[in-house]
$ cat query30.cif   # mmCIF, C-alpha atoms
data_target
#
loop_
_atom_site.label_atom_id
_atom_site.label_comp_id
_atom_site.auth_asym_id
_atom_site.auth_seq_id
_atom_site.Cartn_x
_atom_site.Cartn_y
_atom_site.Cartn_z
CA MET A 674 111.59 98.94 105.35
CA GLU A 675 113.23 98.79 108.77
CA ARG A 676 112.43 102.06 110.43
CA GLU A 677 113.12 101.59 114.10
CA ARG A 678 116.76 102.54 113.88
CA ILE A 679 118.36 104.90 111.41
CA CYS A 680 122.10 104.85 110.92
CA THR A 681 124.20 107.62 109.40
CA LYS A 682 127.95 107.65 108.96
CA LYS A 683 128.35 109.19 112.40
CA SER A 684 125.83 107.37 114.57
CA CYS A 685 122.58 105.43 114.94
CA PHE A 686 119.39 106.88 116.34
CA SER A 687 115.83 105.66 116.77
CA PHE A 688 112.79 106.52 114.67
CA ASP A 689 111.38 108.18 117.79
CA THR A 690 114.16 110.76 117.58
CA ILE A 691 112.66 111.99 114.31
CA LYS A 692 109.19 112.17 115.85
CA ARG A 693 110.56 114.16 118.77
CA LEU A 694 112.41 116.56 116.44
CA SER A 695 109.05 117.16 114.76
CA LEU A 696 107.49 117.96 118.13
CA TYR A 697 110.41 120.23 119.09
CA LEU A 698 109.93 122.08 115.82
CA ARG A 699 106.25 122.61 116.52
CA ASN A 700 106.89 124.01 119.97
CA LEU A 701 109.73 126.24 118.77
CA LYS A 702 107.35 127.71 116.17
CA ARG A 703 104.91 128.54 118.95
CA LEU A 704 107.71 130.30 120.84
CA LYS A 705 108.60 132.28 117.73
CA GLU A 706 104.95 133.33 117.29
CA LYS A 707 105.13 134.68 120.84
CA GLY A 708 108.17 136.76 119.87
CA ILE A 709 110.76 134.72 121.78
CA GLU A 710 114.09 134.90 119.93
CA VAL A 711 116.54 133.23 122.31
CA ILE A 712 115.70 130.62 124.92
CA SER A 713 117.90 129.02 127.54
CA SER A 714 118.16 125.28 127.91
CA ASP A 715 116.51 125.52 131.33
CA ARG A 716 113.48 127.28 129.91
CA ILE A 717 113.03 125.20 126.77
CA ILE A 718 113.00 121.79 128.52
CA PRO A 719 109.79 122.26 130.54
CA LEU A 720 108.02 123.42 127.35
CA LEU A 721 109.05 120.30 125.46
CA ASN A 722 108.16 117.87 128.20
CA VAL A 723 111.29 115.78 127.70
CA SER A 724 114.39 115.39 129.83
CA SER A 725 117.25 117.79 129.24
CA ALA A 726 119.51 114.81 128.39
CA GLN A 727 117.02 113.53 125.81
CA PHE A 728 116.75 116.93 124.11
CA ARG A 729 120.54 117.34 123.88
CA LYS A 730 121.00 113.77 122.68
CA ASP A 731 118.34 114.11 119.96
CA LEU A 732 119.96 117.29 118.63
CA SER A 733 123.51 115.95 118.94
CA TYR A 734 122.93 113.48 116.08
CA PHE A 735 122.69 116.39 113.69
CA GLY A 736 125.23 118.91 114.93
CA GLU A 737 125.86 121.63 117.51
CA PHE A 738 122.94 123.96 118.11
CA GLY A 739 122.93 125.73 121.48
CA LYS A 740 125.52 128.15 122.79
CA ARG A 741 126.86 127.54 126.28
CA GLY A 742 125.61 130.24 128.63
CA VAL A 743 123.39 131.80 125.95
CA GLY A 744 120.95 129.12 124.89
CA TYR A 745 119.18 128.42 121.65
CA GLU A 746 118.39 130.91 118.89
CA VAL A 747 114.77 129.99 118.18
CA GLY A 748 114.74 131.10 114.53
CA ARG A 749 117.98 129.32 113.69
CA LEU A 750 116.95 126.10 115.45
CA ILE A 751 113.62 126.12 113.55
CA LYS A 752 115.48 126.52 110.27
CA GLU A 753 117.93 123.73 111.09
CA LEU A 754 115.19 121.35 112.21
CA GLU A 755 113.16 122.09 109.06
CA GLU A 756 116.20 121.28 107.00
CA ILE A 757 116.86 118.03 108.87
CA LEU A 758 113.23 116.96 108.53
CA GLY A 759 112.89 118.17 104.96
CA THR A 760 109.91 120.44 105.63
CA ASN A 761 111.72 123.58 104.42
CA LYS A 762 109.93 123.06 101.10
CA GLU A 763 106.24 122.34 100.41
CA TRP A 764 105.18 118.70 100.17
CA LYS A 765 102.13 117.88 98.09
CA ILE A 766 99.93 115.11 99.34
CA ALA A 767 97.13 112.96 97.90
CA LEU A 768 94.23 111.59 99.94
CA VAL A 769 92.36 108.41 99.04
CA GLY A 770 89.00 107.59 100.61
CA VAL A 771 86.86 110.60 101.41
CA GLY A 772 84.83 109.03 104.22
CA ARG A 773 84.45 110.61 107.65
CA LEU A 774 88.13 110.25 108.50
CA GLY A 775 89.20 111.46 105.03
CA GLN A 776 87.01 114.54 105.39
CA ALA A 777 88.40 115.23 108.86
CA LEU A 778 91.91 115.09 107.42
CA LEU A 779 90.98 117.40 104.53
CA GLY A 780 89.95 119.95 107.12
CA PHE A 781 92.95 119.39 109.39
CA GLU A 782 94.59 122.78 109.90
CA GLY A 783 97.78 121.32 111.32
CA PHE A 784 99.19 120.28 107.93
CA SER A 785 99.54 123.74 106.40
CA LYS A 786 101.73 124.88 109.27
CA PHE A 787 104.27 122.29 108.23
CA ASN A 788 104.41 122.99 104.52
CA ILE A 789 102.20 119.97 103.90
CA LYS A 790 99.32 120.47 101.46
CA ILE A 791 96.63 118.05 100.31
CA VAL A 792 96.40 118.78 96.57
CA CYS A 793 94.08 115.99 95.41
CA ALA A 794 91.51 113.56 96.82
CA PHE A 795 89.99 110.39 95.37
CA ASP A 796 86.97 108.21 96.05
CA ILE A 797 85.04 105.48 94.25
CA ASP A 798 81.65 106.81 95.44
CA LYS A 799 79.99 108.59 92.49
CA LYS A 800 78.04 110.79 94.92
CA LYS A 801 81.27 112.21 96.30
CA VAL A 802 83.16 112.58 93.02
CA GLY A 803 83.07 116.20 91.79
CA LYS A 804 82.35 117.68 95.22
CA VAL A 805 84.76 120.24 96.63
CA ILE A 806 85.65 119.60 100.28
CA GLU A 807 87.84 122.12 102.11
CA GLY A 808 88.96 123.49 98.76
CA VAL A 809 89.94 120.09 97.34
CA LYS A 810 87.93 118.53 94.50
CA VAL A 811 87.11 114.85 94.95
CA GLU A 812 88.20 112.94 91.84
CA ASP A 813 87.24 109.51 90.53
CA MET A 814 89.61 106.71 91.52
CA LYS A 815 90.05 105.99 87.82
CA LYS A 816 91.95 109.26 87.46
CA LEU A 817 94.32 108.48 90.36
CA LYS A 818 97.39 107.59 88.33
CA THR A 819 97.05 110.46 85.82
CA ILE A 820 96.51 113.17 88.45
CA ILE A 821 99.17 111.96 90.89
CA LYS A 822 101.74 111.72 88.11
CA ARG A 823 100.80 115.13 86.69
CA LYS A 824 100.95 116.84 90.08
CA ARG A 825 104.13 114.94 90.99
CA VAL A 826 102.74 113.89 94.35
CA LYS A 827 104.97 111.54 96.33
CA ILE A 828 103.01 111.05 99.57
CA ALA A 829 99.48 109.74 100.12
CA LEU A 830 97.05 109.45 103.03
CA LEU A 831 95.28 106.11 102.77
CA CYS A 832 91.83 106.29 104.36
CA THR A 833 89.92 103.57 102.50
CA PRO A 834 88.15 100.65 104.22
CA PRO A 835 90.54 97.78 105.07
CA HIS A 836 89.25 95.46 102.33
CA SER A 837 90.44 97.79 99.56
CA ALA A 838 93.57 99.21 101.27
CA GLN A 839 96.07 96.75 99.73
CA GLU A 840 94.68 97.19 96.20
CA VAL A 841 94.67 100.98 96.52
CA SER A 842 98.22 101.01 97.92
CA GLU A 843 99.40 99.12 94.83
CA LYS A 844 97.73 101.70 92.59
CA LEU A 845 99.39 104.47 94.59
CA VAL A 846 102.83 102.89 94.21
CA ALA A 847 102.24 102.41 90.47
CA ALA A 848 101.38 106.12 90.26
CA GLY A 849 104.73 107.06 91.80
CA ILE A 850 103.82 107.42 95.47
CA ARG A 851 106.85 106.82 97.73
CA GLY A 852 105.38 107.35 101.19
CA ILE A 853 102.02 106.23 102.56
CA LEU A 854 100.41 107.29 105.80
CA ASN A 855 98.17 104.29 106.34
CA PHE A 856 95.03 104.85 108.41
CA SER A 857 93.58 101.41 107.64
CA PRO A 858 94.13 98.62 110.18
CA LEU A 859 96.02 96.55 107.65
CA ILE A 860 99.70 95.77 107.20
CA LEU A 861 100.39 96.89 103.64
CA LYS A 862 102.68 94.95 101.37
CA VAL A 863 104.66 97.46 99.35
CA PRO A 864 108.08 97.46 97.66
CA SER A 865 110.96 98.08 100.06
CA SER A 866 111.57 101.49 98.49
CA VAL A 867 108.16 102.73 99.69
CA PHE A 868 107.76 104.03 103.24
CA VAL A 869 104.63 103.21 105.16
CA SER A 870 103.71 104.83 108.44
CA ASN A 871 100.73 103.31 110.21
CA VAL A 872 98.31 105.49 112.13
CA ASP A 873 96.32 102.82 113.80
CA MET A 874 93.88 104.02 116.43
CA ALA A 875 92.91 100.58 117.72
CA CYS A 876 96.57 99.61 117.90
CA GLU A 877 97.43 102.77 119.85
CA LEU A 878 94.57 102.07 122.23
CA GLU A 879 95.68 98.50 122.74
CA SER A 880 99.16 99.73 123.63
CA LEU A 881 97.63 102.15 126.14
CA ILE A 882 95.59 99.32 127.62
CA PHE A 883 98.73 97.20 127.92
CA PHE A 884 100.42 99.94 129.94
CA LEU A 885 97.38 100.60 132.09
CA LYS A 886 97.01 96.94 132.88
CA ARG A 887 100.72 96.61 133.62
CA ASN A 888 100.56 99.54 135.99
CA GLU A 889 97.48 98.21 137.77
CA ARG A 890 99.38 95.02 138.49
CA LYS A 891 102.24 96.99 140.03
CA VAL A 892 99.90 98.95 142.33
CA MET B 708 106.43 108.25 131.48
CA GLU B 709 109.23 106.57 129.56
CA ARG B 710 107.61 104.28 127.08
CA GLU B 711 110.24 103.42 124.52
CA ARG B 712 111.55 100.45 126.46
CA ILE B 713 109.64 98.21 128.79
CA CYS B 714 111.49 96.00 131.23
CA THR B 715 110.10 92.96 132.96
CA LYS B 716 111.97 90.66 135.35
CA LYS B 717 113.07 88.52 132.40
CA SER B 718 113.94 90.99 129.66
CA CYS B 719 113.55 94.40 128.05
CA PHE B 720 111.60 95.04 124.87
CA SER B 721 110.60 98.11 122.92
CA PHE B 722 107.22 99.82 122.81
CA ASP B 723 107.05 98.83 119.14
CA THR B 724 106.85 95.20 120.24
CA ILE B 725 103.49 95.94 121.85
CA LYS B 726 102.26 97.68 118.70
CA ARG B 727 103.32 94.71 116.61
CA LEU B 728 101.60 92.27 118.97
CA SER B 729 98.44 94.30 118.42
CA LEU B 730 98.86 93.97 114.65
CA TYR B 731 99.57 90.23 114.91
CA LEU B 732 96.39 89.86 116.95
CA ARG B 733 94.36 91.65 114.28
CA ASN B 734 95.69 89.47 111.49
CA LEU B 735 95.22 86.28 113.49
CA LYS B 736 91.58 87.24 114.04
CA ARG B 737 91.15 87.57 110.28
CA LEU B 738 92.62 84.09 109.83
CA LYS B 739 90.21 82.71 112.41
CA GLU B 740 87.28 84.33 110.61
CA LYS B 741 88.41 82.47 107.50
CA GLY B 742 88.28 79.20 109.43
CA ILE B 743 92.04 78.67 109.72
CA GLU B 744 92.81 76.82 112.97
CA VAL B 745 96.51 76.03 112.69
CA ILE B 746 99.10 77.94 110.70
CA SER B 747 102.75 77.16 110.07
CA SER B 748 105.46 79.69 110.75
CA ASP B 749 106.22 79.83 107.01
CA ARG B 750 102.65 80.78 106.17
CA ILE B 751 102.03 83.27 108.97
CA ILE B 752 105.09 85.43 108.27
CA PRO B 753 104.07 86.70 104.79
CA LEU B 754 100.65 87.64 106.20
CA LEU B 755 102.18 89.70 108.99
CA ASN B 756 104.70 91.48 106.82
CA VAL B 757 107.52 91.14 109.35
CA SER B 758 110.62 89.01 109.35
CA SER B 759 110.40 85.56 110.83
CA ALA B 760 113.10 86.49 113.36
CA GLN B 761 111.12 89.59 114.44
CA PHE B 762 107.92 87.60 114.94
CA ARG B 763 109.64 84.94 117.05
CA LYS B 764 111.51 87.57 119.06
CA ASP B 765 108.36 89.57 119.79
CA LEU B 766 106.54 86.47 121.03
CA SER B 767 109.54 85.14 122.96
CA TYR B 768 109.27 87.95 125.53
CA PHE B 769 106.01 86.46 126.73
CA GLY B 770 106.51 82.69 126.48
CA GLU B 771 106.51 79.72 124.13
CA PHE B 772 103.73 79.73 121.57
CA GLY B 773 104.42 77.71 118.42
CA LYS B 774 105.06 73.99 118.19
CA ARG B 775 108.07 72.86 116.20
CA GLY B 776 106.90 71.16 113.00
CA VAL B 777 103.24 71.97 113.69
CA GLY B 778 102.99 75.76 113.82
CA TYR B 779 100.70 78.06 115.70
CA GLU B 780 97.21 77.29 116.97
CA VAL B 781 95.38 80.42 115.83
CA GLY B 782 92.70 80.38 118.54
CA ARG B 783 95.20 79.83 121.35
CA LEU B 784 97.58 82.50 120.08
CA ILE B 785 94.69 85.01 119.86
CA LYS B 786 93.73 84.23 123.45
CA GLU B 787 97.31 84.56 124.69
CA LEU B 788 97.87 87.85 122.85
CA GLU B 789 94.58 89.26 124.17
CA GLU B 790 95.69 88.35 127.65
CA ILE B 791 99.12 89.95 127.18
CA LEU B 792 97.58 93.13 125.77
CA GLY B 793 94.71 93.19 128.24
CA THR B 794 91.97 93.27 125.62
CA ASN B 795 90.38 90.05 126.85
CA LYS B 796 87.93 92.27 128.74
CA GLU B 797 85.94 95.29 127.52
CA TRP B 798 87.53 98.71 127.94
CA LYS B 799 85.24 101.71 128.21
CA ILE B 800 86.43 104.90 126.62
CA ALA B 801 85.45 108.58 126.77
CA LEU B 802 85.79 111.00 123.86
CA VAL B 803 86.30 114.73 124.30
CA GLY B 804 85.79 117.15 121.40
CA VAL B 805 83.08 116.10 118.94
CA GLY B 806 84.47 117.92 115.89
CA ARG B 807 85.08 116.26 112.55
CA LEU B 808 87.81 114.01 113.91
CA GLY B 809 85.80 113.17 117.03
CA GLN B 810 82.80 112.22 114.90
CA ALA B 811 84.99 110.07 112.65
CA LEU B 812 86.27 108.26 115.75
CA LEU B 813 82.74 107.77 117.11
CA GLY B 814 81.93 105.97 113.87
CA PHE B 815 85.18 103.98 113.75
CA GLU B 816 84.20 100.32 113.47
CA GLY B 817 87.68 99.09 114.31
CA PHE B 818 87.32 99.68 118.05
CA SER B 819 84.49 97.22 118.74
CA LYS B 820 86.53 94.36 117.31
CA PHE B 821 89.06 94.90 120.07
CA ASN B 822 86.70 95.10 123.03
CA ILE B 823 87.06 98.88 123.03
CA LYS B 824 83.83 100.86 123.40
CA ILE B 825 83.24 104.61 123.43
CA VAL B 826 80.66 105.02 126.20
CA CYS B 827 80.51 108.81 126.52
CA ALA B 828 81.36 111.94 124.52
CA PHE B 829 81.77 115.57 125.59
CA ASP B 830 81.83 118.96 123.90
CA ILE B 831 81.51 122.60 124.93
CA ASP B 832 79.42 123.51 121.86
CA LYS B 833 75.78 123.87 123.00
CA LYS B 834 74.59 122.96 119.50
CA LYS B 835 76.24 119.55 119.78
CA VAL B 836 75.29 118.79 123.40
CA GLY B 837 72.29 116.43 123.56
CA LYS B 838 72.77 115.05 120.06
CA VAL B 839 73.25 111.32 119.64
CA ILE B 840 76.10 110.45 117.26
CA GLU B 841 76.71 106.80 116.38
CA GLY B 842 74.67 105.79 119.41
CA VAL B 843 76.63 107.98 121.84
CA LYS B 844 74.98 111.03 123.44
CA VAL B 845 77.09 114.18 123.43
CA GLU B 846 77.27 115.58 126.96
CA ASP B 847 78.20 119.01 128.27
CA MET B 848 81.84 119.36 129.34
CA LYS B 849 80.54 120.42 132.77
CA LYS B 850 79.36 116.86 133.36
CA LEU B 851 82.70 115.31 132.42
CA LYS B 852 83.89 114.45 135.92
CA THR B 853 80.56 113.09 137.14
CA ILE B 854 79.93 110.86 134.12
CA ILE B 855 83.49 109.54 133.80
CA LYS B 856 83.59 108.68 137.49
CA ARG B 857 80.15 107.06 137.42
CA LYS B 858 80.96 104.96 134.36
CA ARG B 859 84.43 104.15 135.73
CA VAL B 860 86.09 105.10 132.45
CA LYS B 861 89.91 104.99 132.56
CA ILE B 862 90.85 105.91 128.96
CA ALA B 863 90.00 109.01 126.92
CA LEU B 864 90.38 110.12 123.32
CA LEU B 865 91.37 113.79 123.31
CA CYS B 866 90.18 115.51 120.12
CA THR B 867 89.86 119.13 121.23
CA PRO B 868 91.64 122.04 119.51
CA PRO B 869 95.26 122.47 120.72
CA HIS B 870 94.55 125.59 122.79
CA SER B 871 92.26 123.71 125.17
CA ALA B 872 94.01 120.31 125.13
CA GLN B 873 96.13 120.87 128.26
CA GLU B 874 93.20 122.19 130.30
CA VAL B 875 90.95 119.31 129.20
CA SER B 876 93.66 116.74 129.95
CA GLU B 877 93.87 118.06 133.51
CA LYS B 878 90.11 117.69 133.90
CA LEU B 879 90.33 114.15 132.55
CA VAL B 880 93.06 113.23 135.04
CA ALA B 881 91.04 114.75 137.88
CA ALA B 882 88.10 112.60 136.77
CA GLY B 883 90.19 109.43 137.11
CA ILE B 884 91.41 108.96 133.53
CA ARG B 885 94.70 106.99 133.46
CA GLY B 886 95.39 106.77 129.71
CA ILE B 887 94.95 109.46 127.05
CA LEU B 888 95.11 108.99 123.31
CA ASN B 889 96.04 112.52 122.33
CA PHE B 890 95.05 113.66 118.85
CA SER B 891 96.03 117.28 119.44
CA PRO B 892 99.46 118.46 118.26
CA LEU B 893 100.48 119.33 121.81
CA ILE B 894 102.79 117.68 124.31
CA LEU B 895 100.56 117.18 127.33
CA LYS B 896 101.84 117.65 130.84
CA VAL B 897 100.28 114.98 133.00
CA PRO B 898 101.28 113.19 136.20
CA SER B 899 103.77 110.38 135.64
CA SER B 900 101.12 107.79 136.51
CA VAL B 901 99.07 108.79 133.45
CA PHE B 902 99.92 107.32 130.04
CA VAL B 903 99.71 109.49 126.98
CA SER B 904 99.93 108.16 123.46
CA ASN B 905 100.17 110.80 120.74
CA VAL B 906 98.45 110.29 117.41
CA ASP B 907 99.96 113.18 115.56
CA MET B 908 99.23 113.26 111.85
CA ALA B 909 101.56 116.14 111.01
CA CYS B 910 104.33 114.50 113.04
CA GLU B 911 103.84 111.18 111.22
CA LEU B 912 103.95 113.00 107.90
CA GLU B 913 107.12 114.83 108.85
CA SER B 914 108.76 111.53 109.71
CA LEU B 915 107.70 110.14 106.31
CA ILE B 916 109.15 113.21 104.62
CA PHE B 917 112.42 112.73 106.51
CA PHE B 918 112.70 109.18 105.17
CA LEU B 919 111.71 110.15 101.63
CA LYS B 920 114.26 112.94 101.57
CA ARG B 921 116.95 110.68 103.01
CA ASN B 922 116.25 108.07 100.36
CA GLU B 923 116.31 110.61 97.55
CA ARG B 924 119.77 111.62 98.64
CA LYS B 925 120.95 108.02 98.50
CA VAL B 926 119.63 107.54 94.94
#

$ encode --input "query30.cif" --output "structure tokens"
Amino acid sequence: MERERICTKKSCFSFDTIKRLSLYLRNLKRLKEKGIEVISSDRIIPLLNVSSAQFRKDLSYFGEFGKRGVGYEVGRLIKELEEILGTNKEWKIALVGVGRLGQALLGFEGFSKFNIKIVCAFDIDKKKVGKVIEGVKVEDMKKLKTIIKRKRVKIALLCTPPHSAQEVSEKLVAAGIRGILNFSPLILKVPSSVFVSNVDMACELESLIFFLKRNERKV
Amino acid sequence: MERERICTKKSCFSFDTIKRLSLYLRNLKRLKEKGIEVISSDRIIPLLNVSSAQFRKDLSYFGEFGKRGVGYEVGRLIKELEEILGTNKEWKIALVGVGRLGQALLGFEGFSKFNIKIVCAFDIDKKKVGKVIEGVKVEDMKKLKTIIKRKRVKIALLCTPPHSAQEVSEKLVAAGIRGILNFSPLILKVPSSVFVSNVDMACELESLIFFLKRNERKV
């Protein structure tokens, strides 16, 4: 599914806008924890590390938020951003492949802050099945469909080795999964109604290298 | 540093182009391993999971690659993509924060395939310092500058907890690091000459949720 540009009735914006909204939300929550209730545009921009124009543009796609001369109500902006992103309710998540990366993700504290909860984990390794890691019981892959359907999970973290990633993704889709965060270095083939987001470390590093190299040439 | 669009003398392309080139490269390497030397446009497209137009457009920014009626020489295309991306030489990498995620990255086999090698790792935890994990000795944070300078490392994986991420990033920059792959959920403030790529799991999940929710509305 084409994800680089998203078009609503009013306007088109890039996928990166959504990622930035997510980052804004995170930083606003930190401000709220510190007891800050209202923040001026001038003060919020340095915290977000974006340009003032970018911040206003990103928000403008979804409505009017700040008040001229007053600034942004932190609590209200958090609520609005959560509603835009859909994280105002809890999202249950499944994890497949309880290797080192899978275990790191099971213990990742960042998810709970965003109403995201890993509710089941699966592996084919008999030694892992039955173990409880970070409060989540590792289940046999054979039970994947039954458990995911019963728990009505719609999103999965795919952390299997590359050679089984495509097969597992098909099982996930058959079980009702609609969004996959793919940690394997493989382009998954899924129906167009299923969203895949790739977290590809080697790919990210290659992009960094491209920019470094490009910059070296300029110098 | 603005990274969404990259402009050369000839044209402008998006950051996603670079990420896709990286994925193309990976898939071409798999084809080569299978002994495939030449591949037609019709056959390569389904493997890459992009549209034919996208593939041609992405390559067109950098030159002419395929031959009409013949297709693509796999070996040559790999070489050209490696040169574009800069992965035709080995890149040494430092890792900071040897927690669960850091350990998972130390054991990540994907890097070596792309001429990316973690050559040093750092942590503040005295219990971890001195240990050898996946062939890499964990060093004390105090030695960060000396070792990174000596080994001439330019890229770092930042896997520390959020509260120390900014401080550590400043130390990395002072040690000569020019590119940071940031795994902490924090927007880093670095000089404009330093590239930061954020691998933010919660942020990726929030984007997935946004798309799922949007699609549910449509149904």

$ atom_distance --input "query30.cif" --atom1 "CA of Leu831 in chain A" --atom2 "CA of Val769 in chain A"
5.3 Å

$ interface_residues --input "query30.cif" --of "chain A" --to "chain B" --cutoff "6 Å" --atoms "all atoms listed in the file" --output "NGL selection string"
:A and (695 or 758-759 or 773-774 or 777 or 784 or 875-876 or 883)

$ closest_residue --input "query30.cif" --among "A:Lys818, A:Arg825, A:His836, A:Lys804" --to "Ala848 in chain A" --atoms "all atoms listed in the file"
A:Lys818

$ residues_around --input "query30.cif" --residues "range 839-848 of chain B" --least-positions-apart "3" --cutoff "8 Å" --atoms "only C-alpha atoms" --output "list of chain:residue names"
B:Val805, B:Gln810, B:Leu813, B:Gly814, B:Ile825, B:Val826, B:Cys827, B:Ala828, B:Phe829, B:Asp830, B:Ile831, B:Asp832, B:Lys833, B:Lys835, B:Val836, B:Leu851

$ atom_distance --input "query30.cif" --atom1 "CA of Glu706 in chain A" --atom2 "CA of Ala767 in chain A"
29.2 Å

$ decode --input "query30.cif" --residues "range 704-777 of chain A" --atoms "C-alpha atoms" --output "JSON list (two decimals), in the first residue's frame"
[["chain", "number", "residue", "atom", "x", "y", "z"],
["A", 704, "LEU", "CA", 6.22, 18.50, 29.29],
["A", 705, "LYS", "CA", 2.98, 17.47, 30.98],
["A", 706, "GLU", "CA", 4.90, 15.21, 33.38],
["A", 707, "LYS", "CA", 6.95, 18.27, 34.31],
["A", 708, "GLY", "CA", 3.74, 20.15, 35.12],
["A", 709, "ILE", "CA", 3.78, 22.48, 32.12],
["A", 710, "GLU", "CA", 0.20, 23.32, 31.12],
["A", 711, "VAL", "CA", 0.59, 26.01, 28.48],
["A", 712, "ILE", "CA", 3.59, 26.52, 26.22],
["A", 713, "SER", "CA", 4.30, 29.26, 23.72],
["A", 714, "SER", "CA", 5.24, 28.50, 20.15],
["A", 715, "ASP", "CA", 8.70, 29.98, 20.77],
["A", 716, "ARG", "CA", 9.35, 27.63, 23.65],
["A", 717, "ILE", "CA", 7.94, 24.45, 22.13],
["A", 718, "ILE", "CA", 9.96, 24.60, 18.89],
["A", 719, "PRO", "CA", 13.45, 24.17, 20.42],
["A", 720, "LEU", "CA", 12.15, 21.16, 22.39],
["A", 721, "LEU", "CA", 10.85, 19.47, 19.25],
["A", 722, "ASN", "CA", 13.93, 20.09, 17.17],
["A", 723, "VAL", "CA", 11.94, 21.04, 14.07],
["A", 724, "SER", "CA", 11.42, 24.37, 12.38],
["A", 725, "SER", "CA", 8.52, 26.51, 13.52],
["A", 726, "ALA", "CA", 7.09, 26.39, 9.97],
["A", 727, "GLN", "CA", 7.26, 22.58, 9.93],
["A", 728, "PHE", "CA", 5.47, 22.28, 13.27],
["A", 729, "ARG", "CA", 2.65, 24.62, 12.21],
["A", 730, "LYS", "CA", 2.33, 22.93, 8.83],
["A", 731, "ASP", "CA", 2.14, 19.43, 10.35],
["A", 732, "LEU", "CA", -0.61, 20.50, 12.75],
["A", 733, "SER", "CA", -2.49, 22.53, 10.13],
["A", 734, "TYR", "CA", -3.53, 19.35, 8.27],
["A", 735, "PHE", "CA", -5.71, 18.42, 11.21],
["A", 736, "GLY", "CA", -7.14, 21.69, 12.46],
["A", 737, "GLU", "CA", -6.39, 24.78, 14.54],
["A", 738, "PHE", "CA", -4.53, 24.11, 17.77],
["A", 739, "GLY", "CA", -2.58, 27.07, 19.17],
["A", 740, "LYS", "CA", -3.98, 30.38, 20.31],
["A", 741, "ARG", "CA", -2.30, 33.52, 18.99],
["A", 742, "GLY", "CA", -0.44, 35.26, 21.80],
["A", 743, "VAL", "CA", -1.17, 32.45, 24.27],
["A", 744, "GLY", "CA", 0.36, 29.32, 22.81],
["A", 745, "TYR", "CA", -0.54, 25.68, 23.08],
["A", 746, "GLU", "CA", -2.52, 24.01, 25.86],
["A", 747, "VAL", "CA", -0.35, 20.94, 26.46],
["A", 748, "GLY", "CA", -3.14, 18.68, 27.75],
["A", 749, "ARG", "CA", -5.50, 19.55, 24.92],
["A", 750, "LEU", "CA", -2.84, 19.14, 22.24],
["A", 751, "ILE", "CA", -1.92, 15.70, 23.67],
["A", 752, "LYS", "CA", -5.56, 14.66, 23.55],
["A", 753, "GLU", "CA", -6.00, 15.90, 19.98],
["A", 754, "LEU", "CA", -2.81, 14.22, 18.76],
["A", 755, "GLU", "CA", -3.81, 10.94, 20.45],
["A", 756, "GLU", "CA", -7.13, 11.13, 18.68],
["A", 757, "ILE", "CA", -5.51, 11.85, 15.29],
["A", 758, "LEU", "CA", -3.04, 8.99, 15.74],
["A", 759, "GLY", "CA", -5.60, 6.62, 17.23],
["A", 760, "THR", "CA", -3.63, 5.94, 20.41],
["A", 761, "ASN", "CA", -6.42, 7.21, 22.69],
["A", 762, "LYS", "CA", -7.42, 3.56, 23.13],
["A", 763, "GLU", "CA", -5.23, 0.53, 23.94],
["A", 764, "TRP", "CA", -3.85, -1.46, 21.01],
["A", 765, "LYS", "CA", -3.05, -5.11, 21.58],
["A", 766, "ILE", "CA", -0.05, -6.48, 19.79],
["A", 767, "ALA", "CA", 1.34, -9.94, 18.99],
["A", 768, "LEU", "CA", 5.04, -10.74, 18.71],
["A", 769, "VAL", "CA", 6.42, -13.56, 16.57],
["A", 770, "GLY", "CA", 9.98, -14.81, 17.00],
["A", 771, "VAL", "CA", 11.29, -14.63, 20.54],
["A", 772, "GLY", "CA", 14.99, -14.40, 19.68],
["A", 773, "ARG", "CA", 17.28, -11.70, 21.05],
["A", 774, "LEU", "CA", 15.47, -8.91, 19.24],
["A", 775, "GLY", "CA", 12.04, -10.31, 20.18],
["A", 776, "GLN", "CA", 13.06, -10.46, 23.83],
["A", 777, "ALA", "CA", 14.39, -6.90, 23.69]]
